[in-house]
Structures are given as structure tokens and as C-alpha cells.
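Everything below belongs to structure.txt, which stores compact mmCIF, C-alpha atoms.
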```
# COMPACT_ATOMS: atom_id res chain seq x y z
CA MET A 1 0.00 0.00 0.00
CA TYR A 2 1.20 3.51 -0.83
CA GLN A 3 0.50 6.05 1.87
CA ILE A 4 -0.41 9.67 1.19
CA LEU A 5 2.18 11.65 3.13
CA LYS A 6 0.97 15.11 2.20
CA LYS A 7 -2.04 16.65 0.54
CA ARG A 8 -2.32 20.27 -0.56
CA ARG A 9 -5.04 21.92 -2.63
CA LEU A 10 -3.38 24.23 -5.16
CA SER A 11 -6.64 25.63 -6.52
CA GLU A 12 -10.32 24.75 -6.44
CA ASN A 13 -9.95 21.56 -8.50
CA VAL A 14 -6.19 20.94 -8.50
CA VAL A 15 -4.58 18.82 -5.80
CA LEU A 16 -0.96 18.02 -4.93
CA MET A 17 -0.18 14.74 -3.16
CA VAL A 18 3.10 13.34 -1.91
CA ILE A 19 3.09 9.54 -1.96
CA ASP A 20 5.38 7.12 -0.14
CA ALA A 21 6.82 5.09 -3.04
CA PRO A 22 10.55 4.46 -2.45
CA TYR A 23 11.08 2.04 -5.33
CA VAL A 24 9.60 4.49 -7.82
CA ALA A 25 11.50 7.43 -6.35
CA LYS A 26 14.77 5.51 -6.64
CA LYS A 27 14.73 5.46 -10.46
CA VAL A 28 12.27 8.05 -11.78
CA GLU A 29 13.43 10.91 -14.01
CA PRO A 30 11.63 14.00 -15.36
CA GLY A 31 9.15 13.17 -18.10
CA GLN A 32 8.20 9.76 -16.74
CA PHE A 33 4.85 8.81 -15.25
CA ILE A 34 3.18 6.36 -12.88
CA ILE A 35 -0.05 4.37 -12.98
CA LEU A 36 -2.20 4.25 -9.86
CA ARG A 37 -5.38 2.67 -8.60
CA VAL A 38 -7.29 4.20 -5.73
CA ASN A 39 -8.67 0.82 -4.64
CA GLU A 40 -8.90 -2.77 -5.82
CA GLU A 41 -11.98 -2.07 -7.95
CA GLY A 42 -10.69 1.23 -9.32
CA GLU A 43 -9.56 2.04 -12.84
CA ARG A 44 -5.89 2.46 -13.69
CA ILE A 45 -4.93 6.04 -14.54
CA PRO A 46 -1.55 7.45 -15.62
CA LEU A 47 -0.20 10.61 -13.96
CA THR A 48 3.08 12.34 -14.73
CA VAL A 49 5.51 12.67 -11.82
CA ALA A 50 5.71 16.30 -10.75
CA GLU A 51 8.60 15.87 -8.31
CA TYR A 52 10.53 13.19 -6.46
CA ASP A 53 12.73 12.85 -3.39
CA ARG A 54 15.09 9.91 -3.58
CA GLU A 55 16.24 10.25 0.04
CA LYS A 56 12.73 10.35 1.49
CA GLY A 57 11.44 7.82 -1.04
CA SER A 58 8.51 10.00 -2.06
CA ILE A 59 6.78 10.93 -5.30
CA THR A 60 4.73 14.08 -5.87
CA ILE A 61 1.74 13.99 -8.20
CA ILE A 62 -0.52 16.87 -9.18
CA PHE A 63 -3.93 16.23 -10.70
CA GLN A 64 -7.13 17.98 -11.62
CA GLU A 65 -10.43 16.60 -10.39
CA VAL A 66 -12.09 16.21 -13.79
CA GLY A 67 -13.05 12.52 -13.95
CA ALA A 68 -14.55 9.92 -11.64
CA THR A 69 -11.19 8.52 -10.53
CA THR A 70 -9.49 11.87 -9.94
CA MET A 71 -12.55 13.01 -7.99
CA GLU A 72 -12.32 9.90 -5.84
CA LEU A 73 -8.58 10.43 -5.43
CA GLY A 74 -9.21 14.02 -4.37
CA MET A 75 -11.45 12.82 -1.56
CA MET A 76 -8.59 10.88 0.03
CA ASN A 77 -6.55 12.42 2.84
CA GLU A 78 -3.13 12.24 4.44
CA GLY A 79 -2.64 8.83 6.01
CA ASP A 80 -4.87 7.06 3.48
CA CYS A 81 -3.27 4.52 1.15
CA LEU A 82 -3.50 3.93 -2.59
CA HIS A 83 -3.92 0.36 -3.72
CA ASP A 84 -1.43 0.53 -6.64
CA PHE A 85 1.31 2.97 -7.58
CA VAL A 86 3.44 1.59 -10.42
CA GLY A 87 6.42 3.15 -12.19
CA PRO A 88 8.46 4.78 -13.43
CA LEU A 89 6.97 4.30 -16.90
CA GLY A 90 7.66 5.95 -20.24
CA ARG A 91 10.92 7.34 -21.55
CA ALA A 92 12.73 9.96 -19.49
CA SER A 93 13.19 13.38 -21.09
CA GLU A 94 16.52 13.76 -22.92
CA LEU A 95 17.98 16.93 -21.44
CA GLU A 96 21.73 16.37 -21.67
CA GLY A 97 23.70 19.00 -23.56
CA LEU A 98 21.03 21.70 -23.42
CA LYS A 99 22.49 25.02 -22.25
CA ARG A 100 19.79 27.58 -23.07
CA VAL A 101 16.18 26.42 -22.99
CA ALA A 102 12.69 27.88 -22.98
CA VAL A 103 10.20 25.71 -21.10
CA VAL A 104 6.56 26.51 -21.85
CA GLY A 105 3.77 25.28 -19.60
CA GLY A 106 0.04 25.75 -19.97
CA GLY A 107 -2.39 25.32 -17.08
CA LEU A 108 -1.99 21.99 -15.34
CA GLY A 109 0.84 21.25 -17.78
CA CYS A 110 2.98 23.50 -15.56
CA ALA A 111 3.07 20.64 -13.05
CA ILE A 112 4.98 18.66 -15.69
CA ALA A 113 6.96 21.60 -17.06
CA TYR A 114 8.24 22.36 -13.57
CA PRO A 115 10.35 19.17 -13.09
CA GLN A 116 11.79 19.63 -16.60
CA ALA A 117 12.83 23.19 -15.79
CA LYS A 118 14.14 22.19 -12.37
CA LYS A 119 16.31 19.40 -13.76
CA LEU A 120 17.74 21.66 -16.47
CA PHE A 121 18.38 24.44 -13.96
CA GLU A 122 20.18 22.03 -11.63
CA MET A 123 22.30 20.89 -14.60
CA GLY A 124 23.47 24.48 -15.09
CA ALA A 125 21.29 25.45 -18.04
CA GLU A 126 19.75 28.90 -18.46
CA VAL A 127 16.00 28.38 -18.30
CA ASP A 128 13.29 30.78 -19.38
CA LEU A 129 10.08 29.35 -17.93
CA ILE A 130 6.94 30.66 -19.64
CA THR A 131 3.61 29.74 -18.09
CA GLY A 132 0.03 30.48 -19.00
CA PHE A 133 -3.21 30.23 -17.04
CA ARG A 134 -6.79 31.30 -17.73
CA THR A 135 -6.91 33.51 -14.64
CA LYS A 136 -4.71 34.41 -11.66
CA ASP A 137 -6.79 32.19 -9.36
CA LEU A 138 -5.58 29.14 -11.31
CA ILE A 139 -1.85 29.90 -11.01
CA ILE A 140 0.00 27.03 -9.34
CA LEU A 141 3.57 26.37 -8.19
CA GLU A 142 4.68 29.99 -8.67
CA GLU A 143 7.27 29.90 -5.89
CA GLU A 144 8.62 26.52 -6.97
CA MET A 145 8.85 27.54 -10.63
CA ARG A 146 10.63 30.77 -9.81
CA ALA A 147 13.27 28.83 -7.90
CA ALA A 148 13.71 26.43 -10.84
CA SER A 149 14.33 28.99 -13.58
CA THR A 150 16.57 31.83 -14.64
CA ASN A 151 13.55 33.90 -15.67
CA LEU A 152 9.88 33.19 -14.96
CA TYR A 153 7.10 34.67 -17.10
CA ILE A 154 3.51 34.14 -15.96
CA CYS A 155 0.70 35.30 -18.21
CA THR A 156 -3.07 34.95 -18.00
CA ASP A 157 -5.78 34.93 -20.65
CA ASP A 158 -7.77 37.61 -18.83
CA GLY A 159 -4.83 39.69 -17.58
CA SER A 160 -5.94 39.33 -13.96
CA ASN A 161 -2.32 38.95 -12.81
CA GLY A 162 -1.29 42.10 -14.67
CA ASN A 163 0.17 40.28 -17.69
CA LYS A 164 -2.44 39.54 -20.35
CA ALA A 165 -0.84 37.47 -23.08
CA LEU A 166 -0.57 34.05 -24.64
CA VAL A 167 2.52 31.94 -23.96
CA THR A 168 3.28 32.05 -27.68
CA ASP A 169 3.34 35.88 -27.56
CA VAL A 170 5.95 35.80 -24.79
CA LEU A 171 8.00 33.09 -26.53
CA LYS A 172 8.04 34.92 -29.86
CA GLN A 173 9.08 38.16 -28.20
CA LEU A 174 11.96 36.44 -26.40
CA ILE A 175 13.15 34.86 -29.65
CA GLU A 176 12.92 38.14 -31.55
CA ASN A 177 14.84 39.84 -28.74
CA GLY A 178 17.82 37.67 -29.65
CA ASN A 179 17.55 34.73 -27.26
CA GLN A 180 19.11 31.72 -28.95
CA TYR A 181 17.59 28.56 -27.54
CA ASP A 182 19.02 25.08 -27.92
CA ALA A 183 15.49 23.80 -27.50
CA VAL A 184 11.96 24.75 -26.52
CA ILE A 185 10.01 22.31 -24.36
CA ALA A 186 6.22 22.70 -24.43
CA ILE A 187 3.80 20.94 -22.10
CA GLY A 188 0.10 21.68 -21.80
CA PRO A 189 -3.12 21.55 -23.82
CA MET A 190 -2.56 20.17 -27.30
CA ILE A 191 -3.78 23.34 -28.98
CA MET A 192 -1.17 25.30 -27.02
CA MET A 193 1.62 22.87 -27.95
CA LYS A 194 0.56 23.02 -31.60
CA PHE A 195 0.88 26.82 -31.68
CA VAL A 196 4.18 26.76 -29.79
CA CYS A 197 5.51 24.50 -32.55
CA LEU A 198 4.14 26.82 -35.23
CA THR A 199 5.90 29.69 -33.45
CA THR A 200 9.32 28.01 -33.29
CA LYS A 201 9.32 26.31 -36.70
CA PRO A 202 10.22 29.42 -38.78
CA TYR A 203 13.26 29.91 -36.53
CA GLY A 204 14.40 26.28 -36.80
CA ILE A 205 14.39 25.79 -33.02
CA LYS A 206 14.16 22.21 -31.83
CA THR A 207 10.82 21.84 -30.04
CA ILE A 208 9.90 18.97 -27.73
CA VAL A 209 6.30 18.31 -26.69
CA SER A 210 4.86 15.98 -24.08
CA MET A 211 1.88 13.96 -25.32
CA ASN A 212 0.91 12.67 -21.87
CA SER A 213 -2.58 14.12 -22.27
CA ILE A 214 -3.69 11.31 -24.61
CA MET A 215 -2.51 8.39 -22.49
CA VAL A 216 -5.16 5.98 -21.22
CA ASP A 217 -3.84 2.54 -20.36
CA GLY A 218 -0.20 3.56 -19.97
CA THR A 219 1.32 0.32 -21.30
CA GLY A 220 0.73 0.55 -25.06
CA MET A 221 -1.84 -2.26 -25.01
CA CYS A 222 -5.07 -0.27 -25.40
CA GLY A 223 -3.94 1.85 -28.36
CA GLY A 224 -5.70 4.91 -26.96
CA CYS A 225 -2.51 6.98 -27.03
CA ARG A 226 -1.76 6.23 -30.68
CA LEU A 227 -0.53 9.25 -32.65
CA THR A 228 1.27 10.04 -35.87
CA VAL A 229 4.80 11.43 -35.67
CA GLY A 230 6.66 12.10 -38.91
CA GLY A 231 4.20 9.91 -40.78
CA GLU A 232 4.76 6.94 -38.46
CA THR A 233 2.46 5.52 -35.80
CA LYS A 234 3.76 5.95 -32.26
CA PHE A 235 2.36 5.28 -28.80
CA ALA A 236 2.72 8.10 -26.28
CA CYS A 237 3.09 5.85 -23.24
CA VAL A 238 5.88 3.61 -24.54
CA ASP A 239 7.55 5.63 -27.31
CA GLY A 240 7.18 8.91 -25.40
CA PRO A 241 5.64 10.87 -23.92
CA ASP A 242 8.19 13.32 -25.41
CA PHE A 243 8.27 13.80 -29.18
CA ASP A 244 9.63 16.22 -31.79
CA GLY A 245 6.77 18.71 -31.89
CA HIS A 246 7.42 19.68 -35.50
CA LEU A 247 6.65 16.10 -36.55
CA VAL A 248 3.49 15.51 -34.49
CA ASP A 249 0.12 15.47 -36.28
CA PHE A 250 -1.71 17.59 -33.69
CA ASP A 251 -5.00 17.77 -35.59
CA GLU A 252 -5.28 13.98 -35.58
CA ALA A 253 -4.24 13.77 -31.91
CA MET A 254 -6.81 16.38 -30.86
CA LEU A 255 -9.55 14.53 -32.73
CA ARG A 256 -8.62 11.25 -31.02
CA SER A 257 -8.53 12.92 -27.61
CA ARG A 258 -12.25 13.64 -27.88
CA VAL A 259 -13.25 10.04 -28.62
CA TYR A 260 -13.93 9.08 -24.99
CA LYS A 261 -15.76 12.24 -23.89
CA GLY A 262 -19.09 10.44 -23.70
CA GLN A 263 -17.77 7.63 -21.53
CA GLU A 264 -15.91 10.08 -19.32
CA GLN A 265 -19.07 12.10 -18.70
CA ALA A 266 -21.04 8.94 -17.93
CA ALA A 267 -18.42 7.90 -15.37
CA ILE A 268 -18.56 11.33 -13.73
CA GLU A 269 -22.34 11.21 -13.44
CA ALA A 270 -22.19 7.72 -11.94
CA HIS A 271 -19.61 8.88 -9.42
CA LYS A 272 -21.73 11.88 -8.44
CA ALA A 273 -24.76 9.71 -7.98
CA HIS A 274 -22.80 7.29 -5.84
CA CYS A 275 -21.62 10.10 -3.59
CA ASN A 276 -25.10 11.65 -3.44
CA LEU A 277 -23.69 14.83 -4.94
CA LEU A 278 -26.47 15.24 -7.46
CA LYS A 279 -29.04 15.55 -4.66
CA MET A 280 -26.89 18.19 -2.96
CA GLU A 281 -26.60 20.16 -6.20
CA VAL A 282 -30.38 20.17 -6.68
CA LYS A 283 -30.83 21.61 -3.20
```

Could you render the structure as C-alpha cells?
Amino acid sequence: MYQILKKRRLSENVVLMVIDAPYVAKKVEPGQFIILRVNEEGERIPLTVAEYDREKGSITIIFQEVGATTMELGMMNEGDCLHDFVGPLGRASELEGLKRVAVVGGGLGCAIAYPQAKKLFEMGAEVDLITGFRTKDLIILEEEMRAASTNLYICTDDGSNGNKALVTDVLKQLIENGNQYDAVIAIGPMIMMKFVCLTTKPYGIKTIVSMNSIMVDGTGMCGGCRLTVGGETKFACVDGPDFDGHLVDFDEAMLRSRVYKGQEQAAIEAHKAHCNLLKMEVK
């Protein structure tokens, strides 16, 4: 059993948990993920590792309560135990040799962009960390991200934090100001990653994207994370989740990501009914 050592709510629907998982913590690297089950009857869900502590043997995960399982996970508290916590899975991010990098995170993707930036920063690289949120109330990990970067840029869609912009606006401005990046790493909603790649392509800047958002089974068996990269079929959970963003067919990937919306909504409604939440909402 894997005990929840710490629980912290980062925003209304986003939760950080530190899990006691020494065997995972011993080998995990940025970019990799775990698969967990809340209980014996629960579904298996993949979550990217946000942080790890090898000495304490702990793994930090950050998730948004959007589906039945993440809602159930969010109801657990410190001292409770998860039934399964398997990993590390996937290929670790290849960060060696990068000296000047822009890391772009969108929304909850910042929880995955953060360990990438932190690792690069610890390796001595100059890191411009560009993050975007819909509103200031959704900003997460600001203190941690600031400590893991050379420069931190936080923008919001509505300008509520005083910096109304898209992450692509900030990235383009930095490039045009003469910053020469060895690579750009983009993690977040697929539409954001697509436009980051369109921004960097004219400049010939290597751009790496994380396709963790389309993973379902996490082992390559279900085929749900299938995508096209450079005209070839790849599986995000075993071949990635990192890929050359200029080769990813984002339009196809976004279409596939909507396939299970109906089933996801049905599972949410069933979970609400089970918890008697629908009755509370009516009142």
C-alpha cells in the first residue's frame, strides 16, 4: 500500500499529493509517469511525476479533479493509502547537452513543465520558464517555478495577474529579442503545444512536446494513445511521452482525444450519484 504523506489543494480543482513510493523514487526521471489505482476495484490512470525525493522515497503527483477517478482520489486524505502505484513508466526526457532552454507550460501542464525546468536548472542550463493560465486564481507552483528557472514569465488569458498574453506571444518576443535557444520544451493543452511549434518552426528551433494528455492505459496495449509522428504511428506511453513537436500530427491527436468524452461524462455522473452529490446540487 502507498500512503499519502501530504495533501495540498493548489486551486479549487487541483490537488498536490506526496506519496510514499521508495522504489519508484529511486529510479524516476523528469518526463516519466506512474499508474495508480485508488482501490482494488478502481480504474488504472496514468499521472506524470511532478517531483521526487530519492532520500525520502517519495513521489509528488498533481492532478485535476475532472473525472470519476481523480474526484475519488481528491477525496482521500493524508494517512490514506492507494492500492497501486506503479512506475516509473515511459521514456525519461533527454535533457543532456542543453544550455539555453525555454520551457513553456500551460495550465496543469505546468506541473509537468516544472520538473523539466528544475532538472535543467540544476544541470546548469539557463532556463526561461513561460507559463500560461486562464486567470490568476488558477496559477499554481509559482514559488517553486521561480526557484527552478533563470527567468519566470507568468501570463493569464484575462490579464488578472497584470500580464495579459498568450505563452506564444511571450515566446516569440523572447526569440525576436535575440535569445538563442538550444530547445523549446512545451507541455500543456494540445492546442497550445501546436501553436508553440508553429511559433518556433520558422526559426528552426528544436521543439519537444509531451503527449501525456492522450494516455489511457499507460502500457501501449489499449492503443488509446496512438498518434502520428513524422508519418509513423507511435504510442505516447511507450515511445514517449516526449516527441519532436514539429513532426506531431496535432490535428489527428486532438480529434482522437475527444473520442472518450461520452464515456468520461457517464463515469462522472455515476460517481456523483454514488456520492449523493447530485441531490446536494439540486438543493

**Request:** Measuring atom to atom with only C-alpha atoms, identify which of A:Ser149, A:Thr135, A:Gln180, A:Asn163 is nearest to Ala117 (chain A).
**Result:**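 Closest residue, counting only C-alpha atoms: A:Ser149.
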
**Request:** Find, counting all atoms listed in the file, the residue in A:Leu16, A:Val101, A:Val196, A:Val167 that gets nearest to Ala183 (chain A).
**Result:** A:Val101

Region 161-207 of chain A near region 25-44 of chain A within 12 Å: what's each residue's closest atom pair and its distance in Å to one decimal, counting all atoms listed in the file, ordered by chain then ascending residue number, as CSV?
```
residue,atom,partner,partner_atom,distance
A:Ile185,CA,A:Gly31,CA,11.1
A:Ala186,CA,A:Gly31,CA,11.8
A:Ile187,CA,A:Gly31,CA,10.2
```

With C-alpha atoms kept, could you save the residues just selected as a tab-separated table (two decimals), in the frame of the given file?
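The new file out29.tsv reads:
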```
chain	number	residue	atom	x	y	z
A	185	ILE	CA	10.01	22.31	-24.36
A	186	ALA	CA	6.22	22.70	-24.43
A	187	ILE	CA	3.80	20.94	-22.10
```

**Request:** Using CA of Gly106 (chain A) and CA of Met192 (chain A) as the two end points, give the distance in Å to one decimal.
**Result:** 7.2 Å

At a cut-off of 10 Å, can you tabulate as JSON lines every residue of region 49-112 of chain A near region 7-11 of chain A together with its closest atom pair and the distance in Å to one decimal, using all atoms listed in the file and ordering rows by chain then number?
```
{"residue": "A:Thr60", "atom": "CA", "partner": "A:Lys7", "partner_atom": "CA", "distance": 9.7}
{"residue": "A:Ile61", "atom": "CA", "partner": "A:Lys7", "partner_atom": "CA", "distance": 9.9}
{"residue": "A:Ile62", "atom": "CA", "partner": "A:Leu10", "partner_atom": "CA", "distance": 8.9}
{"residue": "A:Phe63", "atom": "CA", "partner": "A:Leu10", "partner_atom": "CA", "distance": 9.7}
{"residue": "A:Gln64", "atom": "CA", "partner": "A:Ser11", "partner_atom": "CA", "distance": 9.2}
{"residue": "A:Gly74", "atom": "CA", "partner": "A:Lys7", "partner_atom": "CA", "distance": 9.1}
{"residue": "A:Met76", "atom": "CA", "partner": "A:Lys7", "partner_atom": "CA", "distance": 8.7}
{"residue": "A:Asn77", "atom": "CA", "partner": "A:Lys7", "partner_atom": "CA", "distance": 6.6}
{"residue": "A:Glu78", "atom": "CA", "partner": "A:Lys7", "partner_atom": "CA", "distance": 6.0}
{"residue": "A:Gly79", "atom": "CA", "partner": "A:Lys7", "partner_atom": "CA", "distance": 9.6}
```

Could you write out the selected residues, including C-alpha atoms, as a PDB file, keeping the file's coordinate frame?
```pdb
ATOM      1  CA  THR A  60       4.730  14.080  -5.870  1.00  0.00           C
ATOM      2  CA  ILE A  61       1.740  13.990  -8.200  1.00  0.00           C
ATOM      3  CA  ILE A  62      -0.520  16.870  -9.180  1.00  0.00           C
ATOM      4  CA  PHE A  63      -3.930  16.230 -10.700  1.00  0.00           C
ATOM      5  CA  GLN A  64      -7.130  17.980 -11.620  1.00  0.00           C
ATOM      6  CA  GLY A  74      -9.210  14.020  -4.370  1.00  0.00           C
ATOM      7  CA  MET A  76      -8.590  10.880   0.030  1.00  0.00           C
ATOM      8  CA  ASN A  77      -6.550  12.420   2.840  1.00  0.00           C
ATOM      9  CA  GLU A  78      -3.130  12.240   4.440  1.00  0.00           C
ATOM     10  CA  GLY A  79      -2.640   8.830   6.010  1.00  0.00           C
TER      11      GLY A  79
END
```

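CA of Arg54 (chain A) to CA of Val15 (chain A) spans 21.7 Å [interatomic distance, one decimal].
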
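Closest approach to Asp137 (chain A) from the set A:Thr156, A:Leu166, A:Thr150, A:Gly67 is made by A:Thr156, with distances taken over all atoms listed in the file.
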
**Request:** Compute the distance from (16.2, 26.9, -17.1) to each atom, counting all atoms listed in the file, keep the residues with any atom at most 9 Å away, and return them as a ChimeraX atom specification; use the coordinates of the file.
**Result:** /A:99-103,116-129,148-151

**Prompt:** Do you have the CA of Ala165 (chain A)-CA of Gly240 (chain A) distance handy?
**Reply:**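 One can read the CA of Ala165 (chain A) to CA of Gly240 (chain A) distance as 29.8 Å.
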
**Asked** With distances taken over only C-alpha atoms, which of A:Lys201, A:Arg226, A:Lys234, A:Lys194 is nearest to Asp251 (chain A)?
**Response**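 Using only C-alpha atoms, Asp251 (chain A) sits closest to A:Lys194.
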
**Asked** Hey, what's within 8 Å of region 206-211 of chain A if we count only C-alpha atoms and toss same-chain stuff fewer than 6 positions away? As an MDAnalysis selection string, please?
**Response** chainID A and resid 31 182:188 190 193 197 200 236 240:246

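Shortest separation to Pro189 (chain A) among A:Gly105, A:Gly57, A:Pro46, A:Gly90 occurs at residue A:Gly105, atoms counted being all atoms listed in the file.
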
**Asked** Got a sec: who's within 9 Å of Ile19 (chain A), counting all atoms listed in the file, leaving out chain neighbours fewer than 2 positions off, as a ChimeraX atom specification?
**Response** /A:2-6,17,21,57-61,81-82,85

**Item:** Nearest to Thr233 (chain A) by atom-to-atom distance, counting only C-alpha atoms, from A:Asp84, A:Ile139, A:Met145, A:Val248
**Value:**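 Of all the options, A:Val248 lies closest to Thr233 (chain A).
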
**Request:** Write out as a list in words the residues lying within 6 Å of Phe235 (chain A), counting only C-alpha atoms and excluding same-chain residues fewer than 2 positions away.
**Result:**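 Counting only the stated atoms, we get Cys225, Arg226, Cys237, Val238 and Asp239 of chain A.
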
Please report, as JSON, the centre and edge lengths in Å to one decimal of an axis-aligned box covering all listed atoms of region 195-206 of chain A with 3 Å per side.
```
{"center_x": 7.6, "center_y": 26.1, "center_z": -34.3, "size_x": 19.5, "size_y": 13.7, "size_z": 15.0}
```

Since fewer atoms than expected are present, regenerate N, CA, C and O atoms for region 185-196 of chain A and write them as a PDB file, in the coordinates of the input.
```pdb
ATOM      1  N   ILE A 185      10.787  23.436 -24.864  1.00  0.00           N
ATOM      2  CA  ILE A 185      10.010  22.310 -24.360  1.00  0.00           C
ATOM      3  C   ILE A 185       8.621  22.827 -24.023  1.00  0.00           C
ATOM      4  O   ILE A 185       8.478  23.755 -23.225  1.00  0.00           O
ATOM      5  N   ALA A 186       7.594  22.244 -24.628  1.00  0.00           N
ATOM      6  CA  ALA A 186       6.220  22.700 -24.430  1.00  0.00           C
ATOM      7  C   ALA A 186       5.363  21.592 -23.843  1.00  0.00           C
ATOM      8  O   ALA A 186       5.348  20.472 -24.361  1.00  0.00           O
ATOM      9  N   ILE A 187       4.643  21.921 -22.770  1.00  0.00           N
ATOM     10  CA  ILE A 187       3.800  20.940 -22.100  1.00  0.00           C
ATOM     11  C   ILE A 187       2.504  21.619 -21.678  1.00  0.00           C
ATOM     12  O   ILE A 187       2.508  22.597 -20.934  1.00  0.00           O
ATOM     13  N   GLY A 188       1.391  21.090 -22.143  1.00  0.00           N
ATOM     14  CA  GLY A 188       0.100  21.680 -21.800  1.00  0.00           C
ATOM     15  C   GLY A 188      -0.975  21.185 -22.738  1.00  0.00           C
ATOM     16  O   GLY A 188      -0.839  20.131 -23.370  1.00  0.00           O
ATOM     17  N   PRO A 189      -2.065  21.933 -22.880  1.00  0.00           N
ATOM     18  CA  PRO A 189      -3.120  21.550 -23.820  1.00  0.00           C
ATOM     19  C   PRO A 189      -2.564  21.387 -25.222  1.00  0.00           C
ATOM     20  O   PRO A 189      -1.652  22.115 -25.625  1.00  0.00           O
ATOM     21  N   MET A 190      -3.113  20.443 -25.965  1.00  0.00           N
ATOM     22  CA  MET A 190      -2.560  20.170 -27.300  1.00  0.00           C
ATOM     23  C   MET A 190      -2.629  21.366 -28.230  1.00  0.00           C
ATOM     24  O   MET A 190      -1.716  21.584 -29.033  1.00  0.00           O
ATOM     25  N   ILE A 191      -3.684  22.167 -28.121  1.00  0.00           N
ATOM     26  CA  ILE A 191      -3.780  23.340 -28.980  1.00  0.00           C
ATOM     27  C   ILE A 191      -2.659  24.324 -28.673  1.00  0.00           C
ATOM     28  O   ILE A 191      -2.112  24.967 -29.572  1.00  0.00           O
ATOM     29  N   MET A 192      -2.281  24.426 -27.398  1.00  0.00           N
ATOM     30  CA  MET A 192      -1.170  25.300 -27.020  1.00  0.00           C
ATOM     31  C   MET A 192       0.139  24.763 -27.587  1.00  0.00           C
ATOM     32  O   MET A 192       0.944  25.520 -28.158  1.00  0.00           O
ATOM     33  N   MET A 193       0.375  23.458 -27.440  1.00  0.00           N
ATOM     34  CA  MET A 193       1.620  22.870 -27.950  1.00  0.00           C
ATOM     35  C   MET A 193       1.709  23.007 -29.464  1.00  0.00           C
ATOM     36  O   MET A 193       2.788  23.262 -30.020  1.00  0.00           O
ATOM     37  N   LYS A 194       0.572  22.864 -30.137  1.00  0.00           N
ATOM     38  CA  LYS A 194       0.560  23.020 -31.600  1.00  0.00           C
ATOM     39  C   LYS A 194       1.043  24.413 -31.983  1.00  0.00           C
ATOM     40  O   LYS A 194       1.890  24.569 -32.879  1.00  0.00           O
ATOM     41  N   PHE A 195       0.522  25.451 -31.311  1.00  0.00           N
ATOM     42  CA  PHE A 195       0.880  26.820 -31.680  1.00  0.00           C
ATOM     43  C   PHE A 195       2.283  27.203 -31.208  1.00  0.00           C
ATOM     44  O   PHE A 195       2.922  28.057 -31.822  1.00  0.00           O
ATOM     45  N   VAL A 196       2.782  26.569 -30.158  1.00  0.00           N
ATOM     46  CA  VAL A 196       4.180  26.760 -29.790  1.00  0.00           C
ATOM     47  C   VAL A 196       5.078  26.244 -30.917  1.00  0.00           C
ATOM     48  O   VAL A 196       6.050  26.900 -31.312  1.00  0.00           O
TER      49      VAL A 196
END
```
